[in-house]
There are 2 protein chains.
Amino acid sequence: MEIAFDKSGGLVPAIIQDNASGEVLMLGFMNVESFELTRRTGEVVFFSRSRNQLWKKGESSGHVLKVADVRVDCDADALLIRVNPVGPGVCHEGYRSCFFRSLNHEGSARILAERTFSPDAVYPSKSPSANEAK
Amino acid sequence: MEIAFDKSGGLVPAIIQDNASGEVLMLGFMNVESFELTRRTGEVVFFSRSRNQLWKKGESSGHVLKVADVRVDCDADALLIRVNPVGPGVCHEGYRSCFFRSLNHEGSARILAERTFSPDAVYPSKSPSANEAK
């Protein structure tokens, strides 16, 4: 089946869900090339909108996302990728999931989770790998 | 906190996850107005890219999505909305989740789920409500 990459400028959103726990870990975007690389290598590759280039998740941190299942929605314009994550977390702020904050009714954010690793150790701010996280 | 609506033409992706089961049900997009309506009313309102207008999920079908929690990712450019769904499913094809298909290695799709309702009964093809599902 064909994924509708043409629907929004060549990119489709890809939800990343932990295959064991069901936790939603992050959302990235994929173009045709990153989608094919993800499928062929079995590890998630996004397309970074800010850097306008392919972005292999975990390339510098080692926190790669091993693909367990690729699901497609009814309109084939969104992906749900179930993964077995390597390492303590996917978020460049040191959390297991990028969705570590909840909004209250007044619109302010409350942190729900504990950090699972030190982002400074994994993403040193002076090195190129600081850009590895989206 | 501010959501980064300006990052991709005024829209951010909103992942809809069942609050009880953890199942990812669908992905839609929100602009500022639909996000504020969602927050104020406690029921999910998207912005339909194809119809270029607000889209209250369940307006015609009755299958509304009651908001349990609103989470924001590290870059504030993606939303994870945990919901208590009303009705048997969110997908206009009659499934509980829009992500009812898995891709195999050859790229063909396999249906993972059973239909939970008849889409023809809920979304009659000749009525305006046929457009209610994205």
# chains A, B, ... in the order shown; residues from 1 in each chain; ligands from 1
call {"tool": "residues_around", "arguments": {"residues": "region 103-106 of chain B", "least_positions_apart": "2", "cutoff": "12 Å", "atoms": "only C-alpha atoms", "output": "VMD selection string"}}
result
(chain A and resid 1 to 3 36 38 to 42 67 to 73 76 79 to 82) or (chain B and resid 99 to 101 108 to 112)
call {"tool": "select_by_dssp", "arguments": {"residues": "chain B", "states": "strand (DSSP E)", "output": "number ranges by chain"}}
result
B: 12-18, 24-30, 45-48, 53-56, 65-72, 79-85, 101-103, 109-111
call {"tool": "write_last_selection", "arguments": {"atoms": "N, CA and C atoms", "output": "short mmCIF file (atom, residue, chain, number, x, y, z; two decimals), in the first residue's frame"}}
result
data_model
loop_
_atom_site.label_atom_id
_atom_site.label_comp_id
_atom_site.auth_asym_id
_atom_site.auth_seq_id
_atom_site.Cartn_x
_atom_site.Cartn_y
_atom_site.Cartn_z
N VAL B 12 -0.60 21.84 14.74
CA VAL B 12 0.26 20.85 15.40
C VAL B 12 -0.45 19.50 15.38
N PRO B 13 0.32 18.42 15.26
CA PRO B 13 -0.29 17.09 15.32
C PRO B 13 -0.75 16.77 16.74
N ALA B 14 -1.90 16.14 16.84
CA ALA B 14 -2.45 15.74 18.14
C ALA B 14 -2.72 14.24 18.10
N ILE B 15 -1.96 13.51 18.90
CA ILE B 15 -2.14 12.06 19.02
C ILE B 15 -3.28 11.82 19.99
N ILE B 16 -4.20 10.95 19.62
CA ILE B 16 -5.31 10.62 20.51
C ILE B 16 -5.09 9.20 21.04
N GLN B 17 -4.98 9.11 22.37
CA GLN B 17 -4.71 7.82 23.01
C GLN B 17 -5.82 7.49 24.00
N ASP B 18 -6.28 6.26 23.97
CA ASP B 18 -7.30 5.82 24.92
C ASP B 18 -6.71 5.85 26.34
N VAL B 24 -3.45 3.70 20.84
CA VAL B 24 -3.46 4.93 20.05
C VAL B 24 -4.62 4.83 19.07
N LEU B 25 -5.53 5.80 19.13
CA LEU B 25 -6.77 5.71 18.37
C LEU B 25 -6.70 6.43 17.02
N MET B 26 -6.06 7.59 17.01
CA MET B 26 -5.99 8.34 15.76
C MET B 26 -5.02 9.49 15.92
N LEU B 27 -4.77 10.18 14.82
CA LEU B 27 -3.99 11.41 14.85
C LEU B 27 -4.73 12.46 14.06
N GLY B 28 -4.88 13.64 14.65
CA GLY B 28 -5.47 14.75 13.93
C GLY B 28 -4.60 15.96 14.09
N PHE B 29 -5.01 17.06 13.47
CA PHE B 29 -4.25 18.31 13.63
C PHE B 29 -5.12 19.34 14.34
N MET B 30 -4.47 20.21 15.08
CA MET B 30 -5.18 21.30 15.77
C MET B 30 -4.53 22.64 15.44
N VAL B 45 -11.72 18.72 19.49
CA VAL B 45 -12.03 19.42 18.24
C VAL B 45 -10.72 19.53 17.44
N PHE B 46 -10.75 19.02 16.21
CA PHE B 46 -9.58 19.13 15.34
C PHE B 46 -9.77 20.27 14.35
N PHE B 47 -8.72 20.49 13.56
CA PHE B 47 -8.85 21.31 12.37
C PHE B 47 -8.66 20.37 11.19
N SER B 48 -9.66 20.29 10.33
CA SER B 48 -9.58 19.41 9.17
C SER B 48 -8.78 20.08 8.06
N GLN B 53 -11.47 23.55 7.90
CA GLN B 53 -12.39 24.09 8.90
C GLN B 53 -12.31 23.29 10.19
N LEU B 54 -12.89 23.84 11.25
CA LEU B 54 -12.94 23.14 12.52
C LEU B 54 -13.72 21.84 12.34
N TRP B 55 -13.32 20.83 13.09
CA TRP B 55 -13.94 19.51 12.96
C TRP B 55 -14.08 18.92 14.36
N LYS B 56 -15.30 19.04 14.87
CA LYS B 56 -15.59 18.45 16.17
C LYS B 56 -15.77 16.96 15.99
N LEU B 65 -14.88 12.42 21.83
CA LEU B 65 -13.70 12.03 22.60
C LEU B 65 -13.59 12.94 23.81
N LYS B 66 -13.83 12.40 24.98
CA LYS B 66 -13.78 13.19 26.21
C LYS B 66 -12.34 13.26 26.73
N VAL B 67 -11.90 14.47 26.92
CA VAL B 67 -10.49 14.69 27.27
C VAL B 67 -10.21 14.30 28.72
N ALA B 68 -9.22 13.42 28.89
CA ALA B 68 -8.80 13.05 30.24
C ALA B 68 -7.52 13.79 30.64
N ASP B 69 -6.64 14.00 29.67
CA ASP B 69 -5.36 14.64 29.98
C ASP B 69 -4.78 15.19 28.69
N VAL B 70 -4.14 16.35 28.79
CA VAL B 70 -3.47 16.95 27.63
C VAL B 70 -1.98 17.03 27.94
N ARG B 71 -1.20 16.35 27.10
CA ARG B 71 0.26 16.37 27.30
C ARG B 71 0.94 17.06 26.13
N VAL B 72 2.07 17.64 26.43
CA VAL B 72 2.79 18.44 25.45
C VAL B 72 4.21 17.90 25.37
N LEU B 79 1.10 17.30 20.45
CA LEU B 79 0.21 17.08 21.58
C LEU B 79 -0.12 15.60 21.70
N LEU B 80 -0.26 15.16 22.94
CA LEU B 80 -0.75 13.81 23.22
C LEU B 80 -1.99 13.99 24.10
N ILE B 81 -3.14 13.66 23.53
CA ILE B 81 -4.38 13.87 24.26
C ILE B 81 -4.94 12.52 24.66
N ARG B 82 -5.00 12.30 25.95
CA ARG B 82 -5.55 11.05 26.46
C ARG B 82 -7.04 11.25 26.64
N VAL B 83 -7.82 10.30 26.12
CA VAL B 83 -9.28 10.49 26.07
C VAL B 83 -10.03 9.28 26.59
N ASN B 84 -11.26 9.54 26.99
CA ASN B 84 -12.24 8.48 27.22
C ASN B 84 -13.22 8.57 26.05
N PRO B 85 -13.09 7.64 25.09
CA PRO B 85 -13.93 7.73 23.90
C PRO B 85 -15.37 7.29 24.18
N ARG B 101 -4.31 -1.33 10.64
CA ARG B 101 -3.53 -2.11 9.68
C ARG B 101 -2.04 -2.07 10.00
N SER B 102 -1.40 -3.20 9.78
CA SER B 102 0.04 -3.33 9.96
C SER B 102 0.66 -3.60 8.59
N LEU B 103 1.83 -3.02 8.36
CA LEU B 103 2.54 -3.28 7.10
C LEU B 103 3.49 -4.44 7.27
N ALA B 109 -0.57 -4.50 3.41
CA ALA B 109 -1.20 -4.27 4.71
C ALA B 109 -1.99 -5.47 5.17
N ARG B 110 -1.96 -5.68 6.46
CA ARG B 110 -2.73 -6.76 7.08
C ARG B 110 -3.64 -6.12 8.12
N ILE B 111 -4.92 -6.47 8.09
CA ILE B 111 -5.86 -5.90 9.06
C ILE B 111 -5.72 -6.64 10.38
#
call {"tool": "atom_distance", "arguments": {"atom1": "CA of Gly9 (chain A)", "atom2": "CA of Phe35 (chain B)"}}
result
22.9 Å
call {"tool": "select_by_dssp", "arguments": {"residues": "region 30-100 of chain A", "states": "alpha helix (DSSP H)", "output": "PyMOL selection string"}}
result
chain A and resi 32-41
call {"tool": "closest_residue", "arguments": {"among": "A:Pro124, A:Gly107, A:Gly10, A:Pro119", "to": "chain B", "atoms": "only C-alpha atoms"}}
result
A:Gly107
call {"tool": "closest_residue", "arguments": {"among": "B:Glu114, B:Glu23, B:Glu59, B:Asp120", "to": "chain A", "atoms": "only C-alpha atoms"}}
result
B:Glu23
call {"tool": "closest_residue", "arguments": {"among": "B:Ser34, B:Ser50, B:Ser61, B:Thr116", "to": "chain A", "atoms": "only C-alpha atoms"}}
result
B:Ser50
call {"tool": "decode", "arguments": {"residues": "region 40-67 of chain B", "atoms": "N, CA and C atoms", "output": "compact mmCIF listing (two decimals), in the first residue's frame"}}
result
# COMPACT_ATOMS: atom_id res chain seq x y z
N ARG B 40 -11.57 24.01 26.42
CA ARG B 40 -12.69 24.64 27.11
C ARG B 40 -13.88 23.69 27.24
N THR B 41 -14.12 22.90 26.19
CA THR B 41 -15.32 22.05 26.20
C THR B 41 -15.04 20.67 26.78
N GLY B 42 -13.76 20.26 26.82
CA GLY B 42 -13.44 18.93 27.31
C GLY B 42 -13.73 17.83 26.30
N GLU B 43 -14.00 18.23 25.06
CA GLU B 43 -14.19 17.25 23.98
C GLU B 43 -13.32 17.66 22.79
N VAL B 44 -12.76 16.65 22.12
CA VAL B 44 -11.75 16.94 21.10
C VAL B 44 -12.34 17.61 19.86
N VAL B 45 -11.72 18.72 19.49
CA VAL B 45 -12.03 19.42 18.24
C VAL B 45 -10.72 19.53 17.44
N PHE B 46 -10.75 19.02 16.21
CA PHE B 46 -9.58 19.13 15.34
C PHE B 46 -9.77 20.27 14.35
N PHE B 47 -8.72 20.49 13.56
CA PHE B 47 -8.85 21.31 12.37
C PHE B 47 -8.66 20.37 11.19
N SER B 48 -9.66 20.29 10.33
CA SER B 48 -9.58 19.41 9.17
C SER B 48 -8.78 20.08 8.06
N ARG B 49 -7.67 19.45 7.67
CA ARG B 49 -6.86 20.01 6.60
C ARG B 49 -7.56 19.89 5.26
N SER B 50 -8.31 18.81 5.05
CA SER B 50 -8.96 18.62 3.75
C SER B 50 -10.14 19.57 3.57
N ARG B 51 -10.86 19.85 4.66
CA ARG B 51 -12.02 20.74 4.55
C ARG B 51 -11.70 22.15 5.00
N ASN B 52 -10.51 22.34 5.54
CA ASN B 52 -10.05 23.67 5.96
C ASN B 52 -11.02 24.34 6.94
N GLN B 53 -11.47 23.55 7.90
CA GLN B 53 -12.39 24.09 8.90
C GLN B 53 -12.31 23.29 10.19
N LEU B 54 -12.89 23.84 11.25
CA LEU B 54 -12.94 23.14 12.52
C LEU B 54 -13.72 21.84 12.34
N TRP B 55 -13.32 20.83 13.09
CA TRP B 55 -13.94 19.51 12.96
C TRP B 55 -14.08 18.92 14.36
N LYS B 56 -15.30 19.04 14.87
CA LYS B 56 -15.59 18.45 16.17
C LYS B 56 -15.77 16.96 15.99
N LYS B 57 -14.87 16.19 16.55
CA LYS B 57 -14.93 14.74 16.38
C LYS B 57 -16.20 14.22 17.05
N GLY B 58 -17.00 13.47 16.31
CA GLY B 58 -18.22 12.90 16.86
C GLY B 58 -19.43 13.80 16.74
N GLU B 59 -19.29 14.91 16.06
CA GLU B 59 -20.42 15.85 15.99
C GLU B 59 -21.66 15.20 15.39
N SER B 60 -21.45 14.42 14.32
CA SER B 60 -22.61 13.76 13.73
C SER B 60 -22.77 12.32 14.23
N SER B 61 -21.67 11.64 14.47
CA SER B 61 -21.76 10.23 14.87
C SER B 61 -22.11 10.05 16.35
N GLY B 62 -21.84 11.07 17.13
CA GLY B 62 -21.99 10.94 18.58
C GLY B 62 -20.76 10.35 19.26
N HIS B 63 -19.80 9.91 18.45
CA HIS B 63 -18.59 9.29 19.01
C HIS B 63 -17.58 10.37 19.40
N VAL B 64 -17.95 11.12 20.42
CA VAL B 64 -17.05 12.20 20.86
C VAL B 64 -15.90 11.62 21.69
N LEU B 65 -14.88 12.42 21.83
CA LEU B 65 -13.70 12.03 22.60
C LEU B 65 -13.59 12.94 23.81
N LYS B 66 -13.83 12.40 24.98
CA LYS B 66 -13.78 13.19 26.21
C LYS B 66 -12.34 13.26 26.73
N VAL B 67 -11.90 14.47 26.92
CA VAL B 67 -10.49 14.69 27.27
C VAL B 67 -10.21 14.30 28.72
